[in-house]
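Student: This is the structure I want to talk about, given as structure tokens.
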Amino acid sequence: MNSKISKYWMLQIAGWGLLFLIHLFFAFTFDRLSGLFLGRLTVFVSIGIVFSHLMRIVIIRRNILGNPLQRQLIEIFAITLVFALLSGSVETLLTSLSGLKNKQEMRSSTLSVVMMNALTSFVYFFMWNSIYLIYHYIENSRKQQFDTLKLEALVKELELKTIKSHINPHFIFNALNSIRALIDENPYRARNAITELSNILRSSMQAEKLETVMLERELSIVKDYLALEYIRFEDRLKVELQIEAASLSLPVPPMMLQTLVENAIKHGISRQVAGGTVRIISSVADGYHRLTVLNTGRLKEASPEGGFGLPGTRSRLYLLFGDKAAFTIRELKNENNDGYMVEASIRIPVDPAFESDIKRKLKPGFAEPEQSPK
């Protein structure tokens, strides 16, 4: 509050002081500078400072700036008129008592002098109120925009946390079901599975604190998950990784790739008697990072909403990267044209700051496909 008052008085004195200097400059230029002129100018500026401050008090107490614009203009005009008449009366009285009347005022009636002084005061008070109104209009607009941005940021943060809270429990329950199926069949592998799950949970809890993580870190979680699922599916699950080295340092939403891989196994591989292949591809081209998960199966066999989590995935991408990010799912023939595959693809814009570095690191071709996650 004190800083605002100091700023107001600084502008108030600077404004009226500038007006005093401008009149003084023109009086000196046209050789009209005299003791009478200085005295009348001092009285006028002093009255201007006092009465403009009183107008501000009235504006604040009546909360005029909180009214609709049309009503603001009407009330500002009325206040300007009233204070101009008061200022003209006071100025006439002070100049009369202090002997600062000029020749024209001596020949005119008191009412005429008051109206003439009031007209001059009205012009300057109207300018003062216009500047005051415009200043607060701009300040209120900036504050409203800032509050809107803060609210949007808060909404995005809450939405991201809500989406994450739906993803992680789903993953944990699926992983626990995989371990439960191995306990009686192969206790040794079950113990290995528990170790893998502990690694995944540790990474998952750390990921909750971030909105994005490096692909290399996300891929590490996915490999732990695939190692867990590989124990359950054995030869029915084939994994191929085609990862461009330059893309490993790019940011991706935490747990998103793991969710796509999880759904690829749950709704693709697990429904195939002979099993199938999960292929993860990461590439950089044309200013975008393309992250693709392909799996053996048919798209119509999975529920588009519950199976692949389309709304949640699209929402996270939009909240983090805006309209430039995209998520698509389609069904296509495999390389031998003897079956079908489902392709879930994410497109994320690459930050220009990383683009030159990516091009430098980018090498032709992909890494050799891995036939198992470990």
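Order determines the names: the first chain of the structure tokens is A, the second B, and so forth; residues in each chain are numbered 1 upward, and ligands are numbered 1 upward as they are shown.
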Write out as a ChimeraX atom specification which residues come within 12 Å of range 232-234 of chain A when counting only C-alpha atoms, dropping same-chain ones fewer than 5 positions away.
Tutor: /A:174-183,185-186,189-190,192-193,225-227,239,265-266,269-277,371-373
Student: Could you tell me how far CA of Ile280 in chain A lies from CA of Lys324 in chain A, in Å and to one decimal?
Tutor: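 Result for CA of Ile280 in chain A versus CA of Lys324 in chain A: 21.8 Å, one decimal.
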Student: Based on the backbone DSSP call, show me all residues of range 183-261 of chain A assigned helix (DSSP H, G or I), as a ChimeraX atom specification.
Tutor: /A:183,187-207,215-236,245-249,256-261
Student: Kindly give the distance, in Å, that separates CA of Ser345 in chain A and CA of Ser283 in chain A, rounded to a single decimal.
Tutor: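 Calculated distance between CA of Ser345 in chain A and CA of Ser283 in chain A is 11.2 Å.
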Student: From the options A:Val45, A:Leu299, A:Val114, A:Ile348, which residue's atoms come nearest to Arg330 in chain A, counting only C-alpha atoms?
Tutor: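 Of A:Val45, A:Leu299, A:Val114, A:Ile348, the one nearest Arg330 in chain A, counting only C-alpha atoms, is A:Leu299.
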Student: Please indicate the distance in Å from CA of Leu215 in chain A to CA of Glu244 in chain A, rounded to one decimal place.
Tutor: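 Computing it gives 10.8 Å between the two atoms.
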Student: Which of these, A:Glu331, A:Ser203, A:Tyr288, A:Gly99, has the shortest distance to Gly35 in chain A once you count only C-alpha atoms?
Tutor: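 The answer is A:Gly99, which sits nearest to Gly35 in chain A.
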Student: Considering only C-alpha atoms, state which residue in the set A:Ile131, A:Val90, A:Val284, A:Ile138 is at the smallest distance from Ala118 in chain A.
Tutor: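 Of A:Ile131, A:Val90, A:Val284, A:Ile138, the one nearest Ala118 in chain A, counting only C-alpha atoms, is A:Val90.
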Student: Skip Ala78 in chain A itself and residues of its chain fewer than 5 positions away, then list as a PDB file with N, CA, C and O atoms, in the first residue's frame all residues within 12 Å of it, counting only C-alpha atoms.
Tutor:
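Full text of selection.pdb as output:
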```
ATOM      1  N   MET A  55     -10.467  14.428  -5.796  1.00  0.00           N
ATOM      2  CA  MET A  55     -11.226  13.676  -6.801  1.00  0.00           C
ATOM      3  C   MET A  55     -10.873  12.186  -6.737  1.00  0.00           C
ATOM      4  O   MET A  55     -11.747  11.333  -6.852  1.00  0.00           O
ATOM      5  N   VAL A  58     -12.696  10.576  -3.882  1.00  0.00           N
ATOM      6  CA  VAL A  58     -14.109  10.342  -4.217  1.00  0.00           C
ATOM      7  C   VAL A  58     -14.251   9.148  -5.154  1.00  0.00           C
ATOM      8  O   VAL A  58     -15.135   8.298  -4.981  1.00  0.00           O
ATOM      9  N   ILE A  59     -13.383   9.052  -6.146  1.00  0.00           N
ATOM     10  CA  ILE A  59     -13.433   7.938  -7.109  1.00  0.00           C
ATOM     11  C   ILE A  59     -13.238   6.603  -6.403  1.00  0.00           C
ATOM     12  O   ILE A  59     -13.928   5.616  -6.683  1.00  0.00           O
ATOM     13  N   ILE A  64     -15.897   3.882  -8.351  1.00  0.00           N
ATOM     14  CA  ILE A  64     -16.322   4.190  -9.720  1.00  0.00           C
ATOM     15  C   ILE A  64     -15.638   3.278 -10.740  1.00  0.00           C
ATOM     16  O   ILE A  64     -16.252   2.860 -11.726  1.00  0.00           O
ATOM     17  N   ARG A  71     -21.007   3.880 -17.304  1.00  0.00           N
ATOM     18  CA  ARG A  71     -21.306   4.558 -16.055  1.00  0.00           C
ATOM     19  C   ARG A  71     -20.064   5.260 -15.510  1.00  0.00           C
ATOM     20  O   ARG A  71     -20.159   6.341 -14.909  1.00  0.00           O
ATOM     21  N   GLN A  72     -18.890   4.671 -15.693  1.00  0.00           N
ATOM     22  CA  GLN A  72     -17.647   5.318 -15.270  1.00  0.00           C
ATOM     23  C   GLN A  72     -17.489   6.679 -15.937  1.00  0.00           C
ATOM     24  O   GLN A  72     -17.167   7.672 -15.275  1.00  0.00           O
ATOM     25  N   LEU A  73     -17.723   6.712 -17.255  1.00  0.00           N
ATOM     26  CA  LEU A  73     -17.544   7.961 -18.005  1.00  0.00           C
ATOM     27  C   LEU A  73     -18.508   9.039 -17.523  1.00  0.00           C
ATOM     28  O   LEU A  73     -18.129  10.208 -17.381  1.00  0.00           O
ATOM     29  N   PHE A  83     -15.898  19.505  -9.329  1.00  0.00           N
ATOM     30  CA  PHE A  83     -14.621  19.964  -8.783  1.00  0.00           C
ATOM     31  C   PHE A  83     -14.053  21.154  -9.563  1.00  0.00           C
ATOM     32  O   PHE A  83     -13.311  21.972  -9.004  1.00  0.00           O
ATOM     33  N   ALA A  84     -14.395  21.244 -10.847  1.00  0.00           N
ATOM     34  CA  ALA A  84     -13.962  22.412 -11.612  1.00  0.00           C
ATOM     35  C   ALA A  84     -14.631  23.676 -11.084  1.00  0.00           C
ATOM     36  O   ALA A  84     -13.985  24.732 -10.953  1.00  0.00           O
ATOM     37  N   LEU A  85     -15.929  23.587 -10.781  1.00  0.00           N
ATOM     38  CA  LEU A  85     -16.649  24.737 -10.218  1.00  0.00           C
ATOM     39  C   LEU A  85     -16.087  25.111  -8.850  1.00  0.00           C
ATOM     40  O   LEU A  85     -15.903  26.290  -8.548  1.00  0.00           O
ATOM     41  N   PHE A 122     -11.663  22.829 -15.497  1.00  0.00           N
ATOM     42  CA  PHE A 122     -12.370  21.679 -16.079  1.00  0.00           C
ATOM     43  C   PHE A 122     -11.506  20.989 -17.134  1.00  0.00           C
ATOM     44  O   PHE A 122     -11.427  19.755 -17.188  1.00  0.00           O
ATOM     45  N   PHE A 125      -8.626  19.191 -15.232  1.00  0.00           N
ATOM     46  CA  PHE A 125      -9.169  18.083 -14.430  1.00  0.00           C
ATOM     47  C   PHE A 125      -9.668  16.948 -15.311  1.00  0.00           C
ATOM     48  O   PHE A 125      -9.550  15.760 -14.957  1.00  0.00           O
ATOM     49  N   PHE A 126     -10.258  17.290 -16.455  1.00  0.00           N
ATOM     50  CA  PHE A 126     -10.732  16.253 -17.373  1.00  0.00           C
ATOM     51  C   PHE A 126      -9.545  15.457 -17.926  1.00  0.00           C
ATOM     52  O   PHE A 126      -9.608  14.230 -18.057  1.00  0.00           O
ATOM     53  N   ASN A 129      -8.336  13.184 -15.015  1.00  0.00           N
ATOM     54  CA  ASN A 129      -9.211  12.030 -14.819  1.00  0.00           C
ATOM     55  C   ASN A 129      -9.107  11.029 -15.964  1.00  0.00           C
ATOM     56  O   ASN A 129      -9.192   9.815 -15.756  1.00  0.00           O
TER      57      ASN A 129
END
```
Student: Could you check which of A:Tyr230, A:Phe51, A:Tyr188, A:Tyr318 is closest to Val278 in chain A, using only C-alpha atoms?
Tutor: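 Result for the nearest residue to Val278 in chain A: A:Tyr230.
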Student: Which residue out of A:Leu294, A:Ala285, A:Ala344, A:Val252 has the minimum interatomic distance to Phe321 in chain A when only C-alpha atoms are used?
Tutor: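 The answer is A:Val252, which sits nearest to Phe321 in chain A.
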Student: Would you kindly return, as a VMD selection string, each protein, DNA or RNA residue with an atom no farther than 8 Å from any atom of Leu257 in chain A, considering only C-alpha atoms and excluding same-chain residues fewer than 4 positions away?
Tutor: chain A and resid 218 to 219 222 253 261
Student: Go ahead and dump the residues you just picked, all heavy atoms, as a compact mmCIF listing (two decimals), in the first residue's frame.
Tutor:
```
# COMPACT_ATOMS: atom_id res chain seq x y z
N GLU A 218 12.64 -42.69 -19.35
CA GLU A 218 11.35 -43.35 -19.59
C GLU A 218 11.55 -44.73 -20.19
O GLU A 218 10.86 -45.69 -19.84
CB GLU A 218 10.50 -42.48 -20.51
CG GLU A 218 9.14 -43.08 -20.87
CD GLU A 218 8.15 -43.06 -19.74
OE1 GLU A 218 8.49 -42.52 -18.66
OE2 GLU A 218 7.04 -43.58 -19.91
N LEU A 219 12.51 -44.85 -21.09
CA LEU A 219 12.80 -46.13 -21.73
C LEU A 219 13.33 -47.15 -20.73
O LEU A 219 13.07 -48.36 -20.85
CB LEU A 219 13.81 -45.92 -22.86
CG LEU A 219 13.96 -47.05 -23.88
CD1 LEU A 219 12.64 -47.31 -24.59
CD2 LEU A 219 15.03 -46.70 -24.90
N VAL A 222 10.35 -48.62 -19.11
CA VAL A 222 9.68 -49.53 -20.05
C VAL A 222 10.43 -50.86 -20.13
O VAL A 222 9.81 -51.94 -20.18
CB VAL A 222 9.58 -48.88 -21.44
CG1 VAL A 222 9.11 -49.89 -22.49
CG2 VAL A 222 8.63 -47.69 -21.40
N PRO A 253 6.34 -37.11 -21.70
CA PRO A 253 5.54 -37.22 -20.46
C PRO A 253 5.86 -38.51 -19.72
O PRO A 253 5.91 -39.58 -20.32
CB PRO A 253 4.10 -37.23 -20.98
CG PRO A 253 4.16 -36.60 -22.33
CD PRO A 253 5.48 -37.01 -22.90
N VAL A 261 2.88 -49.22 -24.08
CA VAL A 261 3.44 -50.57 -24.15
C VAL A 261 2.58 -51.54 -23.35
O VAL A 261 2.31 -52.68 -23.78
CB VAL A 261 4.89 -50.57 -23.64
CG1 VAL A 261 5.43 -52.01 -23.55
CG2 VAL A 261 5.77 -49.74 -24.56
```
Student: Excluding same-chain residues fewer than 3 positions from range 101-113 of chain A, what lies within 8 Å of it counting only C-alpha atoms, as a CSV table (one decimal) with all heavy atoms, in the first residue's frame?
Tutor:
```
chain,number,residue,atom,x,y,z
A,36,LEU,N,3.3,38.7,-10.8
A,36,LEU,CA,1.8,38.4,-10.8
A,36,LEU,C,1.6,37.0,-11.5
A,36,LEU,O,0.8,36.2,-11.0
A,36,LEU,CB,1.1,39.5,-11.6
A,36,LEU,CG,-0.4,39.3,-11.8
A,36,LEU,CD1,-1.1,39.3,-10.4
A,36,LEU,CD2,-1.0,40.4,-12.7
A,92,THR,N,-10.6,32.0,-7.5
A,92,THR,CA,-11.1,33.4,-7.5
A,92,THR,C,-10.9,34.0,-6.2
A,92,THR,O,-10.5,35.2,-6.0
A,92,THR,CB,-12.5,33.4,-8.0
A,92,THR,OG1,-12.7,32.8,-9.3
A,92,THR,CG2,-13.0,34.9,-8.1
A,95,THR,N,-7.0,34.5,-5.3
A,95,THR,CA,-6.3,35.5,-6.0
A,95,THR,C,-6.9,36.9,-5.6
A,95,THR,O,-6.1,37.9,-5.6
A,95,THR,CB,-6.6,35.3,-7.5
A,95,THR,OG1,-8.0,35.2,-7.8
A,95,THR,CG2,-5.9,34.1,-8.0
A,96,SER,N,-8.1,36.9,-5.2
A,96,SER,CA,-8.7,38.2,-4.7
A,96,SER,C,-8.1,38.6,-3.4
A,96,SER,O,-7.7,39.8,-3.2
A,96,SER,CB,-10.2,38.1,-4.6
A,96,SER,OG,-10.8,39.3,-4.1
A,116,MET,N,-14.8,31.5,-15.7
A,116,MET,CA,-13.6,31.5,-16.5
A,116,MET,C,-12.6,30.6,-15.9
A,116,MET,O,-12.0,29.7,-16.5
A,116,MET,CB,-13.1,32.9,-16.7
A,116,MET,CG,-11.9,32.9,-17.7
A,116,MET,SD,-11.4,34.6,-18.1
A,116,MET,CE,-11.1,35.3,-16.4
A,117,ASN,N,-12.4,30.8,-14.6
A,117,ASN,CA,-11.4,29.9,-13.9
A,117,ASN,C,-11.9,28.5,-13.8
A,117,ASN,O,-11.1,27.5,-13.9
A,117,ASN,CB,-11.2,30.4,-12.4
A,117,ASN,CG,-10.4,31.7,-12.4
A,117,ASN,OD1,-9.7,32.0,-13.3
A,117,ASN,ND2,-10.6,32.5,-11.4
```
